[in-house]
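One structure below.
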Amino acid sequence: MVHASGRPGPGDSFLFTAPCNTGVKMPIDPDHVSPSIKLIDVQPALPSERFLVAEPPDAEAVPMDVVFVGGGPAGLAGAIELARLVQRDREAGGTLGELEIGVLEKAGQLGEHNLSGAVVNPSAFHELFPELSIDDFPLRQPVGKESVYVLTQSASIRVPVPPTMKNHGNYLASICEIVRWLGAKAEEYGVNIFPGFPVDSLLTDEGRVVGVRTTPAGLGRDGKPGGPEAMPAMDLSAKVTVLAEGTRGPLSQAWLKWQGITSENPQIFALGVKELWKVTTPLDRVVHTMGWPLSNKTFGGSFMYPLEDDLVALGLVVGLDYPDARFDVHETLQKMKLHPLFHRYLAGGEMMEWGAKTIPEGGYYSVPSRRHGDGLCIVGDSAGYVEVSSLKGIHYAMHSGILAARQIFEALKLGDTSEAALSGYSDAVDASVIMRDLRKRRNMRLAFKDGLFSGGLRAGLMTLTGGAIPSGKIAIEEDAAKICQLGDIQEQFRPDGELTFSKADAVYKSGNQTRDDIPQHLIVGEGITPEVAEMLELCVRQEYTSVMGQS
Ligand SMILES: Cc1cc2nc3c(=O)[nH]c(=O)nc-3n(C[C@H](O)[C@H](O)[C@H](O)COP(=O)(O)OP(=O)(O)OC[C@H]3O[C@@H](n4cnc5c(N)ncnc54)[C@H](O)[C@@H]3O)c2cc1C
């Protein structure tokens, strides 16, 4: 491994280390800074061959009937629904008998990879457990008051709550608590939960998915088994694999590409950065904001939700098509907390948790045309079931898991888990509340692709006409196709450690326990120049180590 000491030559590749505290600050030569760039021109292709392995499960494979990849709301709701259907079938003297259902979750414990505070539509809980009442669900309190503000740097102007942001009937909740509650329910129904087992690849046989292979654990920097925690990869065979791996899932992307499945628009993403705060001043309402600290070229907004009298979740969600590559969502959230609207609640409080995650925000036209195949279904965020103007994905994820489970159950009863037998799943989603809601607001986010002013006007028109105008599709490009530039160098942000935090401190608060000596896994393709590297800013410490000549 060679640390960067100069500019790369043609054919050199860069490998950004993660963790990155062993690297050196990569020199940026101001004379070579490109005025503008499309990241799509330098972005390497998805290495599909890594995620799709044309091998049968090995001789020691754990035999499963159905495997859910990902223990979030989608995977767990699906596993519970399937287990309940199988139980009912057995009790009614059906022929299916016992089924082995597994949920593989890469986090060490369920809920560890889910960001806390959320406003949740309870409909999927009622669908999953019709016999339970709202008080039985892991939801905190119903949303009462809510306010929307347009911010300037020092003021906040209250505006009427747009219809898309109204939360009457929804509940404040912690998504970690939801996931842990669903996990416990799944175990009650006999589902095998495997936390700490990331799925590395799908095992395929001709066009069919026949199981999964987990990632070997405990490897050293050289990629060889390291200490006592080392564990080899494990295969699980499955008649159906359900991809519930969340947003931007590489297994889902690789499978869709392999199957040649497309969507009318490419998927686009936002980045959400969220913090959980212990506060001394109670917040009495759900708050959403627009405007500052985002420029009029950047799509997004913030939220602040009361979870308890002394617990508040707040965050900033920003579309990843922002034009200034130096823009930093985490840092912008830190500055935002100094605004009087937030400061009055956070001052004297303590930041308890931090997390960041992307959100698929393309909506209706970015959902793949088919989300099922031979031995496979895709559910939740992996399929793009998010309605971003209301910032809702949890209940859609759960509904999709439930619909997949119902179709899988029928397919297993028929003894046929082919693409044709599972097609009822995509059909059911298309006819469900998921696609109905996404369709109603199909152009809401897309309208803002041409600028905030015209977007605001078009969004208003869509709201007034219930989504009828504009009637057709607003065509978009993927985020990486947008031209971005290195904007002006801003004065260095100095966090105070009380209200504002560096990214390294924030990552510590995320509970990330990655060892310092794991193999490098953030690999950026060939010919990456330092200025592109700066635009990508992959490392929280902004230190990059390069490996020359590898591909
Ligand atoms: C900042 C922010 C705020 C949000 N606020 C709200 C809100 O208020 N209300 C709302 O309804 N929605 C909200 N959402 C959206 C919501 O969080 C998602 O739509 C929802 O969590 C999707 O559920 P899922 O099960 O599809 O995916 P996730 O919840 O992402 O779960 C996927 C799981 O799969 C695991 N996984 C991934 N890859 C693998 C692998 N290879 N092997 C094993 N496990 C794997 C992950 O660790 C994770 O636990 C918000 C999102 C963000 C980022």
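In the structure tokens, each chain is lettered A, B, ... as it comes, each chain's residues begin at 1, and ligands are numbered from 1 in order of appearance.
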Name the residues, by chain letter and number, that sit within 6 Å of ligand 1 using only C-alpha atoms and all ligand atoms, and give them as a JSON list (two decimals) with all heavy atoms, in the first residue's frame.
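The file below, out32.json, is the result:
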```json
[["chain", "number", "residue", "atom", "x", "y", "z"],
["A", 69, "VAL", "N", -33.46, -10.60, 4.03],
["A", 69, "VAL", "CA", -32.17, -9.93, 4.18],
["A", 69, "VAL", "C", -32.44, -8.53, 4.72],
["A", 69, "VAL", "O", -32.89, -7.64, 3.99],
["A", 69, "VAL", "CB", -31.42, -9.85, 2.84],
["A", 69, "VAL", "CG1", -30.10, -9.11, 3.01],
["A", 69, "VAL", "CG2", -31.19, -11.24, 2.28],
["A", 70, "GLY", "N", -32.20, -8.32, 6.02],
["A", 70, "GLY", "CA", -32.44, -7.02, 6.63],
["A", 70, "GLY", "C", -33.56, -7.09, 7.65],
["A", 70, "GLY", "O", -34.68, -7.51, 7.33],
["A", 71, "GLY", "N", -33.23, -6.72, 8.88],
["A", 71, "GLY", "CA", -34.21, -6.74, 9.97],
["A", 71, "GLY", "C", -34.69, -5.34, 10.30],
["A", 71, "GLY", "O", -34.61, -4.89, 11.43],
["A", 72, "GLY", "N", -35.19, -4.62, 9.30],
["A", 72, "GLY", "CA", -35.84, -3.32, 9.50],
["A", 72, "GLY", "C", -37.35, -3.55, 9.50],
["A", 72, "GLY", "O", -37.82, -4.70, 9.55],
["A", 73, "PRO", "N", -38.14, -2.48, 9.44],
["A", 73, "PRO", "CA", -39.60, -2.63, 9.45],
["A", 73, "PRO", "C", -40.11, -3.54, 8.33],
["A", 73, "PRO", "O", -41.02, -4.34, 8.56],
["A", 73, "PRO", "CB", -40.10, -1.20, 9.24],
["A", 73, "PRO", "CG", -38.97, -0.32, 9.70],
["A", 73, "PRO", "CD", -37.71, -1.07, 9.44],
["A", 74, "ALA", "N", -39.53, -3.45, 7.13],
["A", 74, "ALA", "CA", -40.03, -4.24, 6.00],
["A", 74, "ALA", "C", -39.78, -5.73, 6.22],
["A", 74, "ALA", "O", -40.70, -6.56, 6.11],
["A", 74, "ALA", "CB", -39.35, -3.78, 4.70],
["A", 75, "GLY", "N", -38.54, -6.09, 6.53],
["A", 75, "GLY", "CA", -38.18, -7.51, 6.69],
["A", 75, "GLY", "C", -38.91, -8.15, 7.86],
["A", 75, "GLY", "O", -39.43, -9.27, 7.75],
["A", 104, "LEU", "N", -31.84, -12.17, 8.43],
["A", 104, "LEU", "CA", -30.43, -11.88, 8.63],
["A", 104, "LEU", "C", -30.25, -10.37, 8.72],
["A", 104, "LEU", "O", -30.67, -9.64, 7.82],
["A", 104, "LEU", "CB", -29.60, -12.43, 7.47],
["A", 104, "LEU", "CG", -29.56, -13.95, 7.46],
["A", 104, "LEU", "CD1", -29.89, -14.49, 6.11],
["A", 104, "LEU", "CD2", -28.22, -14.44, 7.92],
["A", 105, "GLU", "N", -29.66, -9.91, 9.81],
["A", 105, "GLU", "CA", -29.50, -8.46, 10.03],
["A", 105, "GLU", "C", -28.03, -8.18, 10.28],
["A", 105, "GLU", "O", -27.39, -8.82, 11.10],
["A", 105, "GLU", "CB", -30.35, -8.03, 11.23],
["A", 105, "GLU", "CG", -30.05, -6.66, 11.76],
["A", 105, "GLU", "CD", -30.10, -5.53, 10.73],
["A", 105, "GLU", "OE1", -31.10, -5.44, 9.98],
["A", 105, "GLU", "OE2", -29.12, -4.75, 10.66],
["A", 106, "LYS", "N", -27.51, -7.20, 9.56],
["A", 106, "LYS", "CA", -26.07, -6.96, 9.71],
["A", 106, "LYS", "C", -25.69, -6.25, 11.01],
["A", 106, "LYS", "O", -24.59, -6.39, 11.49],
["A", 106, "LYS", "CB", -25.51, -6.23, 8.50],
["A", 106, "LYS", "CG", -25.93, -4.80, 8.33],
["A", 106, "LYS", "CD", -25.25, -4.22, 7.09],
["A", 106, "LYS", "CE", -25.77, -2.84, 6.80],
["A", 106, "LYS", "NZ", -25.22, -2.26, 5.58],
["A", 107, "ALA", "N", -26.62, -5.50, 11.60],
["A", 107, "ALA", "CA", -26.32, -4.85, 12.89],
["A", 107, "ALA", "C", -26.16, -5.91, 13.97],
["A", 107, "ALA", "O", -26.81, -6.96, 13.93],
["A", 107, "ALA", "CB", -27.44, -3.89, 13.26],
["A", 113, "HIS", "N", -29.15, -0.15, 13.58],
["A", 113, "HIS", "CA", -28.92, 0.60, 12.34],
["A", 113, "HIS", "C", -30.12, 1.46, 11.97],
["A", 113, "HIS", "O", -30.24, 1.91, 10.84],
["A", 113, "HIS", "CB", -28.60, -0.37, 11.19],
["A", 113, "HIS", "CG", -27.20, -0.88, 11.26],
["A", 113, "HIS", "ND1", -26.64, -1.65, 10.26],
["A", 113, "HIS", "CD2", -26.24, -0.73, 12.20],
["A", 113, "HIS", "CE1", -25.40, -1.95, 10.61],
["A", 113, "HIS", "NE2", -25.14, -1.42, 11.78],
["A", 114, "ASN", "N", -31.03, 1.67, 12.91],
["A", 114, "ASN", "CA", -32.21, 2.48, 12.60],
["A", 114, "ASN", "C", -32.16, 3.77, 13.40],
["A", 114, "ASN", "O", -31.91, 3.75, 14.60],
["A", 114, "ASN", "CB", -33.49, 1.70, 12.94],
["A", 114, "ASN", "CG", -33.60, 0.43, 12.11],
["A", 114, "ASN", "OD1", -33.27, -0.64, 12.59],
["A", 114, "ASN", "ND2", -34.03, 0.55, 10.88],
["A", 118, "ALA", "N", -39.30, 9.37, 14.86],
["A", 118, "ALA", "CA", -40.03, 9.36, 13.59],
["A", 118, "ALA", "C", -41.50, 9.65, 13.87],
["A", 118, "ALA", "O", -41.99, 9.48, 14.99],
["A", 118, "ALA", "CB", -39.90, 8.00, 12.93],
["A", 119, "VAL", "N", -42.20, 10.09, 12.82],
["A", 119, "VAL", "CA", -43.66, 10.18, 12.87],
["A", 119, "VAL", "C", -44.18, 9.04, 12.00],
["A", 119, "VAL", "O", -43.80, 8.94, 10.83],
["A", 119, "VAL", "CB", -44.14, 11.55, 12.35],
["A", 119, "VAL", "CG1", -45.66, 11.57, 12.26],
["A", 119, "VAL", "CG2", -43.67, 12.67, 13.28],
["A", 120, "VAL", "N", -45.01, 8.21, 12.60],
["A", 120, "VAL", "CA", -45.38, 6.96, 11.94],
["A", 120, "VAL", "C", -46.89, 6.88, 11.71],
["A", 120, "VAL", "O", -47.67, 7.14, 12.62],
["A", 120, "VAL", "CB", -44.92, 5.75, 12.80],
["A", 120, "VAL", "CG1", -45.29, 4.44, 12.14],
["A", 120, "VAL", "CG2", -43.42, 5.81, 13.04],
["A", 197, "PHE", "N", -25.24, -10.73, 11.14],
["A", 197, "PHE", "CA", -24.95, -11.53, 9.94],
["A", 197, "PHE", "C", -25.25, -10.73, 8.67],
["A", 197, "PHE", "O", -26.36, -10.80, 8.13],
["A", 197, "PHE", "CB", -25.76, -12.82, 9.94],
["A", 197, "PHE", "CG", -25.18, -13.88, 10.83],
["A", 197, "PHE", "CD1", -25.57, -13.96, 12.16],
["A", 197, "PHE", "CD2", -24.22, -14.78, 10.37],
["A", 197, "PHE", "CE1", -25.04, -14.90, 13.01],
["A", 197, "PHE", "CE2", -23.68, -15.74, 11.21],
["A", 197, "PHE", "CZ", -24.09, -15.80, 12.55],
["A", 198, "PRO", "N", -24.27, -9.96, 8.17],
["A", 198, "PRO", "CA", -24.49, -9.25, 6.91],
["A", 198, "PRO", "C", -24.50, -10.23, 5.74],
["A", 198, "PRO", "O", -23.68, -11.16, 5.72],
["A", 198, "PRO", "CB", -23.28, -8.32, 6.78],
["A", 198, "PRO", "CG", -22.44, -8.55, 7.99],
["A", 198, "PRO", "CD", -22.93, -9.75, 8.70],
["A", 199, "VAL", "N", -25.41, -10.04, 4.83],
["A", 199, "VAL", "CA", -25.42, -10.89, 3.63],
["A", 199, "VAL", "C", -24.51, -10.25, 2.59],
["A", 199, "VAL", "O", -24.62, -9.08, 2.27],
["A", 199, "VAL", "CB", -26.86, -11.05, 3.09],
["A", 199, "VAL", "CG1", -26.85, -11.72, 1.73],
["A", 199, "VAL", "CG2", -27.68, -11.86, 4.07],
["A", 200, "ASP", "N", -23.60, -11.06, 2.10],
["A", 200, "ASP", "CA", -22.58, -10.59, 1.16],
["A", 200, "ASP", "C", -23.04, -10.73, -0.28],
["A", 200, "ASP", "O", -22.77, -9.89, -1.13],
["A", 200, "ASP", "CB", -21.33, -11.45, 1.36],
["A", 200, "ASP", "CG", -20.07, -10.67, 1.10],
["A", 200, "ASP", "OD1", -20.00, -9.53, 1.57],
["A", 200, "ASP", "OD2", -19.18, -11.21, 0.40],
["A", 244, "ALA", "N", -34.75, -6.94, 1.96],
["A", 244, "ALA", "CA", -35.31, -5.87, 2.80],
["A", 244, "ALA", "C", -34.13, -5.09, 3.37],
["A", 244, "ALA", "O", -34.12, -4.74, 4.54],
["A", 244, "ALA", "CB", -36.16, -6.49, 3.90],
["A", 245, "GLU", "N", -33.13, -4.85, 2.52],
["A", 245, "GLU", "CA", -31.85, -4.30, 2.99],
["A", 245, "GLU", "C", -31.86, -2.77, 3.10],
["A", 245, "GLU", "O", -30.83, -2.16, 3.38],
["A", 245, "GLU", "CB", -30.72, -4.75, 2.07],
["A", 245, "GLU", "CG", -30.98, -4.38, 0.63],
["A", 245, "GLU", "CD", -29.90, -4.81, -0.35],
["A", 245, "GLU", "OE1", -28.74, -4.97, 0.03],
["A", 245, "GLU", "OE2", -30.24, -4.95, -1.54],
["A", 246, "GLY", "N", -33.01, -2.15, 2.88],
["A", 246, "GLY", "CA", -33.10, -0.71, 3.05],
["A", 246, "GLY", "C", -32.62, 0.06, 1.84],
["A", 246, "GLY", "O", -32.47, -0.47, 0.74],
["A", 247, "THR", "N", -32.40, 1.35, 2.06],
["A", 247, "THR", "CA", -32.09, 2.27, 0.98],
["A", 247, "THR", "C", -30.78, 1.94, 0.27],
["A", 247, "THR", "O", -29.82, 1.52, 0.90],
["A", 247, "THR", "CB", -32.02, 3.71, 1.57],
["A", 247, "THR", "OG1", -31.59, 4.62, 0.57],
["A", 247, "THR", "CG2", -31.07, 3.80, 2.74],
["A", 272, "GLY", "N", -30.26, 12.10, 4.99],
["A", 272, "GLY", "CA", -30.86, 12.58, 6.23],
["A", 272, "GLY", "C", -29.87, 12.42, 7.36],
["A", 272, "GLY", "O", -29.29, 11.35, 7.54],
["A", 273, "VAL", "N", -29.64, 13.49, 8.09],
["A", 273, "VAL", "CA", -28.78, 13.40, 9.29],
["A", 273, "VAL", "C", -29.67, 13.73, 10.47],
["A", 273, "VAL", "O", -30.41, 14.72, 10.46],
["A", 273, "VAL", "CB", -27.59, 14.39, 9.21],
["A", 273, "VAL", "CG1", -26.71, 14.25, 10.45],
["A", 273, "VAL", "CG2", -26.77, 14.14, 7.95],
["A", 274, "LYS", "N", -29.62, 12.88, 11.48],
["A", 274, "LYS", "CA", -30.58, 12.98, 12.57],
["A", 274, "LYS", "C", -29.85, 12.93, 13.91],
["A", 274, "LYS", "O", -28.85, 12.22, 14.05],
["A", 274, "LYS", "CB", -31.51, 11.77, 12.46],
["A", 274, "LYS", "CG", -32.88, 11.90, 13.08],
["A", 274, "LYS", "CD", -33.55, 10.54, 13.07],
["A", 274, "LYS", "CE", -34.83, 10.46, 12.33],
["A", 274, "LYS", "NZ", -35.50, 9.16, 12.41],
["A", 357, "LYS", "N", -28.36, 8.61, 7.06],
["A", 357, "LYS", "CA", -28.83, 7.56, 6.14],
["A", 357, "LYS", "C", -29.42, 8.21, 4.91],
["A", 357, "LYS", "O", -29.96, 9.31, 5.01],
["A", 357, "LYS", "CB", -29.89, 6.73, 6.86],
["A", 357, "LYS", "CG", -30.15, 5.38, 6.27],
["A", 357, "LYS", "CD", -30.99, 4.55, 7.20],
["A", 357, "LYS", "CE", -32.45, 4.69, 6.87],
["A", 357, "LYS", "NZ", -33.27, 3.61, 7.39],
["A", 358, "THR", "N", -29.34, 7.53, 3.79],
["A", 358, "THR", "CA", -29.99, 8.08, 2.60],
["A", 358, "THR", "C", -31.48, 7.68, 2.59],
["A", 358, "THR", "O", -31.89, 6.75, 3.28],
["A", 358, "THR", "CB", -29.34, 7.60, 1.29],
["A", 358, "THR", "OG1", -29.40, 6.18, 1.23],
["A", 358, "THR", "CG2", -27.90, 8.08, 1.17],
["A", 359, "ILE", "N", -32.23, 8.41, 1.80],
["A", 359, "ILE", "CA", -33.66, 8.13, 1.62],
["A", 359, "ILE", "C", -33.92, 8.09, 0.12],
["A", 359, "ILE", "O", -33.55, 9.03, -0.59],
["A", 359, "ILE", "CB", -34.52, 9.27, 2.21],
["A", 359, "ILE", "CG1", -34.17, 9.51, 3.67],
["A", 359, "ILE", "CG2", -36.01, 8.99, 2.04],
["A", 359, "ILE", "CD1", -34.89, 10.70, 4.30],
["A", 380, "GLY", "N", -39.79, -2.67, 0.88],
["A", 380, "GLY", "CA", -39.35, -1.51, 1.64],
["A", 380, "GLY", "C", -38.53, -0.51, 0.83],
["A", 380, "GLY", "O", -38.70, -0.35, -0.38],
["A", 381, "ASP", "N", -37.61, 0.16, 1.52],
["A", 381, "ASP", "CA", -36.79, 1.19, 0.88],
["A", 381, "ASP", "C", -35.99, 0.63, -0.30],
["A", 381, "ASP", "O", -35.69, 1.37, -1.24],
["A", 381, "ASP", "CB", -35.78, 1.76, 1.89],
["A", 381, "ASP", "CG", -36.36, 2.89, 2.73],
["A", 381, "ASP", "OD1", -37.59, 3.04, 2.76],
["A", 381, "ASP", "OD2", -35.57, 3.62, 3.36],
["A", 382, "SER", "N", -35.62, -0.64, -0.24],
["A", 382, "SER", "CA", -34.85, -1.23, -1.35],
["A", 382, "SER", "C", -35.62, -1.13, -2.66],
["A", 382, "SER", "O", -35.03, -1.06, -3.73],
["A", 382, "SER", "CB", -34.54, -2.71, -1.08],
["A", 382, "SER", "OG", -33.89, -2.87, 0.12],
["A", 386, "VAL", "N", -41.04, 5.09, -0.73],
["A", 386, "VAL", "CA", -40.98, 6.23, 0.19],
["A", 386, "VAL", "C", -41.72, 7.40, -0.45],
["A", 386, "VAL", "O", -41.57, 7.65, -1.64],
["A", 386, "VAL", "CB", -39.52, 6.62, 0.50],
["A", 386, "VAL", "CG1", -39.46, 7.91, 1.30],
["A", 386, "VAL", "CG2", -38.80, 5.51, 1.27],
["A", 391, "LEU", "N", -42.32, 12.68, 4.19],
["A", 391, "LEU", "CA", -41.24, 11.96, 4.89],
["A", 391, "LEU", "C", -41.77, 10.69, 5.55],
["A", 391, "LEU", "O", -41.64, 10.47, 6.75],
["A", 391, "LEU", "CB", -40.54, 12.88, 5.91],
["A", 391, "LEU", "CG", -39.22, 12.33, 6.50],
["A", 391, "LEU", "CD1", -38.22, 11.99, 5.42],
["A", 391, "LEU", "CD2", -38.59, 13.33, 7.47],
["A", 392, "LYS", "N", -42.37, 9.84, 4.73],
["A", 392, "LYS", "CA", -42.92, 8.60, 5.26],
["A", 392, "LYS", "C", -42.39, 7.40, 4.47],
["A", 392, "LYS", "O", -42.46, 7.38, 3.22],
["A", 392, "LYS", "CB", -44.46, 8.58, 5.17],
["A", 392, "LYS", "CG", -45.15, 9.63, 6.01],
["A", 392, "LYS", "CD", -45.11, 9.31, 7.50],
["A", 392, "LYS", "CE", -45.73, 10.42, 8.31],
["A", 392, "LYS", "NZ", -44.98, 11.67, 8.30],
["A", 393, "GLY", "N", -41.91, 6.41, 5.20],
["A", 393, "GLY", "CA", -41.46, 5.18, 4.56],
["A", 393, "GLY", "C", -41.72, 3.96, 5.42],
["A", 393, "GLY", "O", -41.81, 2.85, 4.92],
["A", 394, "ILE", "N", -41.85, 4.19, 6.74],
["A", 394, "ILE", "CA", -41.93, 3.04, 7.66],
["A", 394, "ILE", "C", -43.17, 2.20, 7.39],
["A", 394, "ILE", "O", -43.09, 0.97, 7.25],
["A", 394, "ILE", "CB", -41.89, 3.53, 9.13],
["A", 394, "ILE", "CG1", -40.53, 4.19, 9.42],
["A", 394, "ILE", "CG2", -42.15, 2.38, 10.10],
["A", 394, "ILE", "CD1", -40.45, 4.91, 10.75],
["A", 395, "HIS", "N", -44.34, 2.85, 7.30],
["A", 395, "HIS", "CA", -45.55, 2.03, 7.11],
["A", 395, "HIS", "C", -45.59, 1.43, 5.71],
["A", 395, "HIS", "O", -46.08, 0.31, 5.52],
["A", 395, "HIS", "CB", -46.83, 2.80, 7.45],
["A", 395, "HIS", "CG", -47.19, 3.91, 6.53],
["A", 395, "HIS", "ND1", -46.42, 5.04, 6.39],
["A", 395, "HIS", "CD2", -48.25, 4.07, 5.68],
["A", 395, "HIS", "CE1", -47.00, 5.85, 5.52],
["A", 395, "HIS", "NE2", -48.11, 5.29, 5.07],
["A", 397, "ALA", "N", -42.95, 0.43, 4.08],
["A", 397, "ALA", "CA", -42.02, -0.71, 4.17],
["A", 397, "ALA", "C", -42.74, -1.91, 4.78],
["A", 397, "ALA", "O", -42.66, -3.04, 4.27],
["A", 397, "ALA", "CB", -40.80, -0.31, 5.00]]
```
Exercise. Identify, on the basis of only C-alpha atoms, every residue whose closest approach to Thr241 of chain A does not exceed 9 Å; exclude the query and any residue fewer than 4 positions from it along the same chain; express the result as a list in words.
Key: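 Counting only C-alpha atoms, the residues come to Asp65, Val66, Val67, Phe68, Val69, Leu202, Val209, Val210, Gly211, Val212, Ser237, Gly375, Leu376, Cys377 and Ile378 of chain A.
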How would the residues just picked look written out with all heavy atoms as a compact mmCIF listing (two decimals), in the first residue's frame?
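Done, and the output landed in result05.txt:
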```txt
# COMPACT_ATOMS: atom_id res chain seq x y z
N ASP A 65 -36.50 -22.02 4.45
CA ASP A 65 -37.50 -21.93 3.38
C ASP A 65 -37.53 -20.51 2.81
O ASP A 65 -37.53 -20.32 1.60
CB ASP A 65 -38.88 -22.32 3.93
CG ASP A 65 -38.90 -23.80 4.30
OD1 ASP A 65 -38.89 -24.61 3.36
OD2 ASP A 65 -38.88 -24.13 5.50
N VAL A 66 -37.56 -19.54 3.73
CA VAL A 66 -37.60 -18.13 3.29
C VAL A 66 -36.59 -17.34 4.12
O VAL A 66 -36.55 -17.47 5.34
CB VAL A 66 -39.01 -17.53 3.46
CG1 VAL A 66 -39.03 -16.08 3.00
CG2 VAL A 66 -40.04 -18.34 2.67
N VAL A 67 -35.77 -16.55 3.43
CA VAL A 67 -34.78 -15.71 4.11
C VAL A 67 -35.08 -14.25 3.83
O VAL A 67 -35.27 -13.87 2.67
CB VAL A 67 -33.36 -16.07 3.61
CG1 VAL A 67 -32.39 -14.94 3.90
CG2 VAL A 67 -32.87 -17.34 4.27
N PHE A 68 -35.16 -13.45 4.88
CA PHE A 68 -35.31 -12.00 4.74
C PHE A 68 -33.94 -11.37 4.98
O PHE A 68 -33.34 -11.62 6.03
CB PHE A 68 -36.31 -11.45 5.76
CG PHE A 68 -37.74 -11.83 5.46
CD1 PHE A 68 -38.23 -13.09 5.82
CD2 PHE A 68 -38.59 -10.95 4.81
CE1 PHE A 68 -39.55 -13.45 5.53
CE2 PHE A 68 -39.91 -11.29 4.52
CZ PHE A 68 -40.39 -12.55 4.88
N VAL A 69 -33.46 -10.60 4.03
CA VAL A 69 -32.17 -9.93 4.18
C VAL A 69 -32.44 -8.53 4.72
O VAL A 69 -32.89 -7.64 3.99
CB VAL A 69 -31.42 -9.85 2.84
CG1 VAL A 69 -30.10 -9.11 3.01
CG2 VAL A 69 -31.19 -11.24 2.28
N LEU A 202 -25.96 -12.93 -3.20
CA LEU A 202 -27.06 -13.84 -3.52
C LEU A 202 -26.48 -15.03 -4.26
O LEU A 202 -25.63 -14.87 -5.15
CB LEU A 202 -28.09 -13.14 -4.41
CG LEU A 202 -28.74 -11.89 -3.84
CD1 LEU A 202 -29.67 -11.25 -4.88
CD2 LEU A 202 -29.53 -12.22 -2.57
N VAL A 209 -32.71 -17.18 -7.79
CA VAL A 209 -31.97 -16.98 -6.54
C VAL A 209 -32.28 -18.17 -5.64
O VAL A 209 -33.44 -18.49 -5.40
CB VAL A 209 -32.36 -15.65 -5.87
CG1 VAL A 209 -31.70 -15.52 -4.49
CG2 VAL A 209 -31.95 -14.47 -6.76
N VAL A 210 -31.20 -18.83 -5.14
CA VAL A 210 -31.41 -20.08 -4.39
C VAL A 210 -30.92 -19.98 -2.94
O VAL A 210 -30.92 -20.95 -2.21
CB VAL A 210 -30.73 -21.27 -5.10
CG1 VAL A 210 -31.46 -21.60 -6.39
CG2 VAL A 210 -29.24 -21.00 -5.37
N GLY A 211 -30.47 -18.79 -2.56
CA GLY A 211 -30.03 -18.61 -1.17
C GLY A 211 -29.09 -17.43 -1.07
O GLY A 211 -28.97 -16.63 -2.00
N VAL A 212 -28.45 -17.33 0.10
CA VAL A 212 -27.54 -16.19 0.33
C VAL A 212 -26.24 -16.69 0.97
O VAL A 212 -26.20 -17.76 1.57
CB VAL A 212 -28.20 -15.13 1.24
CG1 VAL A 212 -29.45 -14.56 0.60
CG2 VAL A 212 -28.49 -15.68 2.63
N SER A 237 -29.63 -21.77 2.32
CA SER A 237 -30.44 -22.03 1.13
C SER A 237 -31.86 -21.52 1.40
O SER A 237 -32.29 -21.47 2.56
CB SER A 237 -30.48 -23.53 0.81
OG SER A 237 -31.07 -24.22 1.89
N GLY A 375 -37.67 -16.86 -7.18
CA GLY A 375 -37.11 -17.05 -5.84
C GLY A 375 -36.76 -15.75 -5.14
O GLY A 375 -35.97 -15.78 -4.18
N LEU A 376 -37.33 -14.61 -5.54
CA LEU A 376 -36.92 -13.34 -4.91
C LEU A 376 -38.03 -12.29 -4.92
O LEU A 376 -38.78 -12.19 -5.89
CB LEU A 376 -35.68 -12.79 -5.63
CG LEU A 376 -35.10 -11.54 -4.98
CD1 LEU A 376 -33.61 -11.69 -4.73
CD2 LEU A 376 -35.36 -10.32 -5.84
N CYS A 377 -38.09 -11.51 -3.83
CA CYS A 377 -38.93 -10.30 -3.79
C CYS A 377 -38.11 -9.17 -3.18
O CYS A 377 -37.22 -9.41 -2.36
CB CYS A 377 -40.16 -10.52 -2.89
SG CYS A 377 -41.34 -11.72 -3.49
N ILE A 378 -38.40 -7.94 -3.58
CA ILE A 378 -37.74 -6.77 -2.98
C ILE A 378 -38.80 -5.93 -2.28
O ILE A 378 -39.84 -5.61 -2.87
CB ILE A 378 -37.04 -5.89 -4.05
CG1 ILE A 378 -36.09 -6.73 -4.89
CG2 ILE A 378 -36.28 -4.76 -3.39
CD1 ILE A 378 -35.34 -5.94 -5.95
```
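Shortest atom-to-atom contact with Ser123 of chain A among A:Ile268, A:Gly169, A:Gly424, A:Leu294: A:Gly169, counting only C-alpha atoms.
With only C-alpha atoms as the atoms that count, the residue of A:Trp255, A:Tyr171, A:Phe51, A:Tyr149 with the shortest distance to Phe342 of chain A is A:Tyr149.
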Exercise. Excluding segment 276-288 of chain A and residues on its chain fewer than 6 positions from it, collect all residues at most 6 Å away from it, counting only C-alpha atoms, and give them as a ChimeraX atom specification.
Key: /A:145-148,302-306,309-313,345-346,349-353
Quiz item: Which distance in Å separates atom CA of Gly460 of chain A and atom CA of Gln153 of chain A, to one decimal?
Solution: 24.6 Å
Exercise. Using only C-alpha atoms, determine which residues lie at most 6 Å from segment 220-230 of chain A, disregarding the query and same-chain residues fewer than 6 positions distant; provide the list as a PyMOL selection string.
Key: chain A and resi 517-519
Exercise. Output as a VMD selection string all residues of segment 196-303 of chain A that backbone DSSP marks as alpha helix (DSSP H).
Key: chain A and resid 250 to 259
Can you spit out the residues from that selection as an mmCIF file, in the first residue's frame, using C-alpha atoms?
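As a result, result35.cif now contains:
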```
data_model
loop_
_atom_site.group_PDB
_atom_site.id
_atom_site.type_symbol
_atom_site.label_atom_id
_atom_site.label_comp_id
_atom_site.auth_asym_id
_atom_site.auth_seq_id
_atom_site.Cartn_x
_atom_site.Cartn_y
_atom_site.Cartn_z
ATOM 1 C CA PRO A 250 -26.381 -3.190 -3.444
ATOM 2 C CA LEU A 251 -27.921 -6.688 -3.595
ATOM 3 C CA SER A 252 -31.173 -5.225 -4.919
ATOM 4 C CA GLN A 253 -29.363 -2.986 -7.393
ATOM 5 C CA ALA A 254 -27.240 -5.902 -8.672
ATOM 6 C CA TRP A 255 -30.253 -8.206 -8.996
ATOM 7 C CA LEU A 256 -32.335 -5.580 -10.842
ATOM 8 C CA LYS A 257 -29.451 -4.931 -13.230
ATOM 9 C CA TRP A 258 -28.955 -8.670 -13.819
ATOM 10 C CA GLN A 259 -32.648 -9.111 -14.582
#
```
